[in-house]
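Right, one structure below, let's go through it.
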Amino acid sequence: MVDLKRKLVQLISAVTLNSYAGGFARGTIYRGPLKQVCVPVLNCYSCPGAVTSCPIGSLQALATGATFNFSFYVAGIISLSGVLAGRFSCGWLCPFGFLQDLLYRIPFIKFCLPLWTRYIKYLVAGLFVLALPAFALDSFGLGTPYFCKWLCPAGTLEAAIPLSLLEPGIRGALGALFAWRLTWLALILLFCLGVQRAFCRVLCPLGAILSLFNRVSFFTISRNEQLCRHCGHCNEVCYYGPALAPELNHPECIRCLKCVKSCPAGALSWNFKGANKEGVFYG
Amino acid sequence: MFQNILRGILLTAAAASTAHGIYRGEVPEVLLKAINICLECIGIG
């Protein structure tokens with residue numbers, strides 16, 4: 001039931017964040033004041049329907065400009081979201097996360113990635129989002145948004161493909177970079193058929209930043225040790241699978257709350273009080 | 001107790017960071033970037 005509720009919230013979030021219908025009709029993007037607001041999800045601001053800004057795109061955009069090397073505004077918004085709820089936005093609000101959840105439901109060969117691959121996203125965040133755009137500058141002192149340019153599948157899916165279909169001028173300018181981006185997107189979507197949330201696990205820089213707050217966020221999952229039967233059911237329903245280090249508020253937890261709702265003993269609960277015990281999955 | 005203090009410090013720091021960014025004029029810059037099509041995002045730049 002919680003999964004159905006979550007799917008509904010994810011759907012509403014995806015539609016709301018991309019609700020500028022005029023962009024799809026005219027092959028343009030929204031240019032209104034809401035674009036000042038960064039919502040902590042991976043949703044490309046060059047999508048014809050996008051009404052808010054992508055925090056990862058904005059972080060890079062400001063770092064590559066001549067005025068600022070770092071955006072305190074965007075970093076603050078991401079941190080606020082992280083301190084309040086950890087990776088809740090990954091599990092409930094992110095349109096690209098929603099797409100990955102849907103893809104995984106398609107019958108396909110399911111497989112596991114080595115656990116060490118989860119550390120790649122921290123490298124992506126540090127190098128492609130923060131360091132290279134700010135410090136690898138051209139002769140004019142301008143940088144390149146490396147993540148947006150080379151690695152972001154959301155940009156290809158939400159912006160490049162629709163805009164190239166809608167706007168002949170853009171279609172005519174596409175070249176090798178677009179071909180790379182399409183190939184990269186296809187590879188990631190293929191991986192998402194076999195591994196649940198493959199992009200979130202391995203590459204998402206926003207997930208990497210938010211994960212740093214999971215253990216200290218106000219929103220936490222706790223376990224009542226007197227009720228727990230140590231049956232391991234929480235471990236079985238976790239999207240990350242039983243291989244995850246057994247901890248309730250682990251950095252990889254996206255707060256989907258499947259473990260809470262499916263616990264047969266009712267031993268797990270979520271709260272916003274910050275009064276969390278060190279939770280451990282049993283199994 | 002320690003965790004609650006840490007949460008308070010982080011929340012304050014995050015709010016201060018956001019406020020500092022707004023104060024030094026980052027919001028119009030974010031808007032300016034976001035209302036123009038990002039060429040890198042669509043594979044042209």
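Chain labels A, B, ... are given in the sequence in which chains occur in the structure tokens; within each chain residues are numbered consecutively from 1, and ligands are likewise numbered from 1 in the order shown.
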Worksheet item: Any idea what's packed within 8 Å of Ala15 of chain B, counting only C-alpha atoms, ignoring anything in its chain fewer than 6 positions away? Could you give it as a PyMOL selection string?
Response: chain A and resi 76-77+80
Could you give me, as a tab-separated table, every chain A residue with an atom at most 8 Å from chain B, plus its closest atom pair and distance in Å to one decimal, counting only C-alpha atoms, rows ordered by chain then number?
residue	atom	partner	partner_atom	distance
A:Ile29	CA	B:Ile35	CA	7.0
A:Tyr30	CA	B:Ile35	CA	6.5
A:Arg31	CA	B:Ile35	CA	4.6
A:Gly32	CA	B:Ile35	CA	7.5
A:Pro33	CA	B:Leu31	CA	7.3
A:Lys35	CA	B:Leu31	CA	5.6
A:Gln36	CA	B:Leu31	CA	4.7
A:Cys44	CA	B:Cys41	CA	7.8
A:Tyr45	CA	B:Ala34	CA	5.9
A:Ser46	CA	B:Ile37	CA	5.3
A:Ser53	CA	B:Ala34	CA	6.2
A:Ser58	CA	B:Val30	CA	6.1
A:Ala61	CA	B:Lys33	CA	6.6
A:Leu62	CA	B:Val30	CA	7.0
A:Ser71	CA	B:Gly21	CA	6.5
A:Phe72	CA	B:Gly21	CA	4.6
A:Tyr73	CA	B:Gly21	CA	4.1
A:Val74	CA	B:Thr18	CA	6.9
A:Ala75	CA	B:Ser17	CA	7.2
A:Gly76	CA	B:Thr18	CA	4.3
A:Ile77	CA	B:Thr18	CA	6.2
A:Ser79	CA	B:Ala14	CA	5.4
A:Leu80	CA	B:Ala14	CA	5.3
A:Val83	CA	B:Leu11	CA	6.1
A:Leu84	CA	B:Leu11	CA	7.7
A:Pro145	CA	B:Glu40	CA	7.2
A:Cys148	CA	B:Cys41	CA	5.2
A:Lys149	CA	B:Glu40	CA	4.6
A:Cys152	CA	B:Cys41	CA	7.6
A:Gly155	CA	B:Cys41	CA	5.2
A:Thr156	CA	B:Ile42	CA	6.0
A:Ala159	CA	B:Ile42	CA	5.9
A:Ala160	CA	B:Ile42	CA	3.9
A:Ile161	CA	B:Ile42	CA	7.6
A:Leu163	CA	B:Ile42	CA	7.9
A:Ala173	CA	B:Ile44	CA	6.6
A:Leu174	CA	B:Ile44	CA	5.7
A:Gly175	CA	B:Ile44	CA	7.1
A:Leu177	CA	B:Gly43	CA	5.2
A:Phe178	CA	B:Gly43	CA	4.4
A:Arg181	CA	B:Gly43	CA	6.9
A:Val216	CA	B:Arg7	CA	6.2
A:Ser217	CA	B:Arg7	CA	6.7
A:Phe218	CA	B:Arg7	CA	7.1
A:Gly274	CA	B:Asn4	CA	6.7
A:Ala275	CA	B:Asn4	CA	7.9
Worksheet entry | Near-Gly65 of chain A list (10 Å; only C-alpha atoms; drop same-chain fewer than 2 positions) as a list in words |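 Contacts, with the query itself left out: Gln60, Ala61, Leu62, Ala63, Thr67, Phe68, Asn69, Phe70, Pro133, Ala134, Leu137, Gly141, Leu142, Gly143, Thr144 and Pro145 of chain A; Glu29 and Lys33 of chain B.
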Worksheet item: What is the distance, in Å and to one decimal place, between atom CA of Ser89 of chain A and atom CA of Val41 of chain A?
Response: 6.5 Å
Strand (DSSP E or B) residues, from DSSP on the backbone, in segment 166-271 of chain A, as a compact mmCIF listing (two decimals) with N, CA and C atoms, in the first residue's frame:
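Output (result-v3.txt):
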# COMPACT_ATOMS: atom_id res chain seq x y z
N THR A 220 13.85 10.22 10.50
CA THR A 220 14.62 8.98 10.72
C THR A 220 13.68 7.77 10.78
N ILE A 221 14.27 6.62 10.62
CA ILE A 221 13.53 5.36 10.81
C ILE A 221 14.10 4.71 12.06
N SER A 222 13.22 4.28 12.94
CA SER A 222 13.71 3.65 14.18
C SER A 222 13.08 2.29 14.39
N ARG A 223 13.71 1.53 15.25
CA ARG A 223 13.23 0.17 15.52
C ARG A 223 12.95 0.01 17.02
N LEU A 268 9.10 -1.30 13.28
CA LEU A 268 9.78 -0.15 12.68
C LEU A 268 8.83 1.03 12.57
N SER A 269 9.37 2.21 12.73
CA SER A 269 8.55 3.40 12.57
C SER A 269 9.41 4.54 12.06
N TRP A 270 8.76 5.52 11.45
CA TRP A 270 9.50 6.71 11.05
C TRP A 270 9.07 7.85 11.94
N ASN A 271 9.95 8.76 12.15
CA ASN A 271 9.57 9.93 12.93
C ASN A 271 10.35 11.14 12.47
Worksheet item: Hey, what's within 8 Å of Ser262 of chain A if we count only C-alpha atoms and toss same-chain stuff fewer than 6 positions away? As a PyMOL selection string, please?
Response: chain A and resi 233-234+237
Discussion item. Just checking: using only C-alpha atoms, which residue out of A:Cys38, A:Leu157, A:Ala198, A:Cys263 ends up closest to Lys110 of chain A?
Written reply: A:Ala198
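Between Gln10 of chain A and the candidates A:Leu93, A:Leu185, A:Ile56, A:Ala125, the tightest atom-to-atom separation, counting only C-alpha atoms, involves A:Leu93.
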Discussion item. Which of chain B end up as alpha helix (DSSP H) when DSSP is run on this backbone - answer as an NGL selection string?
Written reply: :B and (2-23 or 26-34)
Item to complete: Can you work out which one of A:Gly27, A:Cys228, A:Gln196, A:Gly97 has the shortest atom-to-atom distance to Val260 of chain A, counting only C-alpha atoms?
Response: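 Closest to Val260 of chain A, using only C-alpha atoms: A:Cys228.
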Fill in: Non-local contacts of Leu206 of chain A (9 Å; only C-alpha atoms; under 5 positions in same chain excluded) as a VMD selection string
chain A and resid 40 to 42 55 to 56 78 90 121 125 200 211
Output for the residues just chosen: N, CA, C and O atoms as a PDB file, in the first residue's frame:
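again-v4.pdb, written as the output of this step:
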ATOM      1  N   PRO A  40      15.270  19.895  -4.767  1.00  0.00           N
ATOM      2  CA  PRO A  40      16.328  18.882  -4.657  1.00  0.00           C
ATOM      3  C   PRO A  40      15.999  17.535  -5.297  1.00  0.00           C
ATOM      4  O   PRO A  40      15.917  16.500  -4.630  1.00  0.00           O
ATOM      5  N   VAL A  41      15.780  17.571  -6.602  1.00  0.00           N
ATOM      6  CA  VAL A  41      15.583  16.349  -7.391  1.00  0.00           C
ATOM      7  C   VAL A  41      16.312  16.531  -8.715  1.00  0.00           C
ATOM      8  O   VAL A  41      16.632  17.663  -9.090  1.00  0.00           O
ATOM      9  N   LEU A  42      16.570  15.410  -9.401  1.00  0.00           N
ATOM     10  CA  LEU A  42      17.254  15.502 -10.688  1.00  0.00           C
ATOM     11  C   LEU A  42      16.201  15.709 -11.784  1.00  0.00           C
ATOM     12  O   LEU A  42      15.586  14.760 -12.240  1.00  0.00           O
ATOM     13  N   PRO A  55      19.112  21.494  -9.064  1.00  0.00           N
ATOM     14  CA  PRO A  55      20.195  21.955  -8.195  1.00  0.00           C
ATOM     15  C   PRO A  55      21.578  21.576  -8.713  1.00  0.00           C
ATOM     16  O   PRO A  55      22.526  22.348  -8.562  1.00  0.00           O
ATOM     17  N   ILE A  56      21.681  20.413  -9.348  1.00  0.00           N
ATOM     18  CA  ILE A  56      22.992  19.987  -9.855  1.00  0.00           C
ATOM     19  C   ILE A  56      23.385  20.853 -11.059  1.00  0.00           C
ATOM     20  O   ILE A  56      24.534  21.295 -11.187  1.00  0.00           O
ATOM     21  N   ILE A  78      20.114  22.329  -0.949  1.00  0.00           N
ATOM     22  CA  ILE A  78      20.345  20.872  -0.913  1.00  0.00           C
ATOM     23  C   ILE A  78      20.581  20.428   0.540  1.00  0.00           C
ATOM     24  O   ILE A  78      20.034  19.428   1.000  1.00  0.00           O
ATOM     25  N   CYS A  90      14.778  11.680  -2.908  1.00  0.00           N
ATOM     26  CA  CYS A  90      15.137  10.646  -3.898  1.00  0.00           C
ATOM     27  C   CYS A  90      14.008   9.618  -4.011  1.00  0.00           C
ATOM     28  O   CYS A  90      13.653   9.184  -5.100  1.00  0.00           O
ATOM     29  N   LYS A 121      29.513   7.522  -7.075  1.00  0.00           N
ATOM     30  CA  LYS A 121      28.710   8.757  -7.126  1.00  0.00           C
ATOM     31  C   LYS A 121      29.361   9.912  -6.349  1.00  0.00           C
ATOM     32  O   LYS A 121      29.174  11.070  -6.681  1.00  0.00           O
ATOM     33  N   ALA A 125      30.192  13.482  -7.949  1.00  0.00           N
ATOM     34  CA  ALA A 125      29.783  14.760  -7.343  1.00  0.00           C
ATOM     35  C   ALA A 125      30.983  15.669  -7.129  1.00  0.00           C
ATOM     36  O   ALA A 125      30.951  16.856  -7.469  1.00  0.00           O
ATOM     37  N   CYS A 200      20.823   5.880  -9.376  1.00  0.00           N
ATOM     38  CA  CYS A 200      20.880   6.435  -8.007  1.00  0.00           C
ATOM     39  C   CYS A 200      22.005   5.791  -7.214  1.00  0.00           C
ATOM     40  O   CYS A 200      22.719   6.448  -6.476  1.00  0.00           O
ATOM     41  N   SER A 211      22.977  11.864   0.654  1.00  0.00           N
ATOM     42  CA  SER A 211      23.263  10.683   1.476  1.00  0.00           C
ATOM     43  C   SER A 211      24.142  11.031   2.676  1.00  0.00           C
ATOM     44  O   SER A 211      24.116  10.342   3.699  1.00  0.00           O
TER      45      SER A 211
END
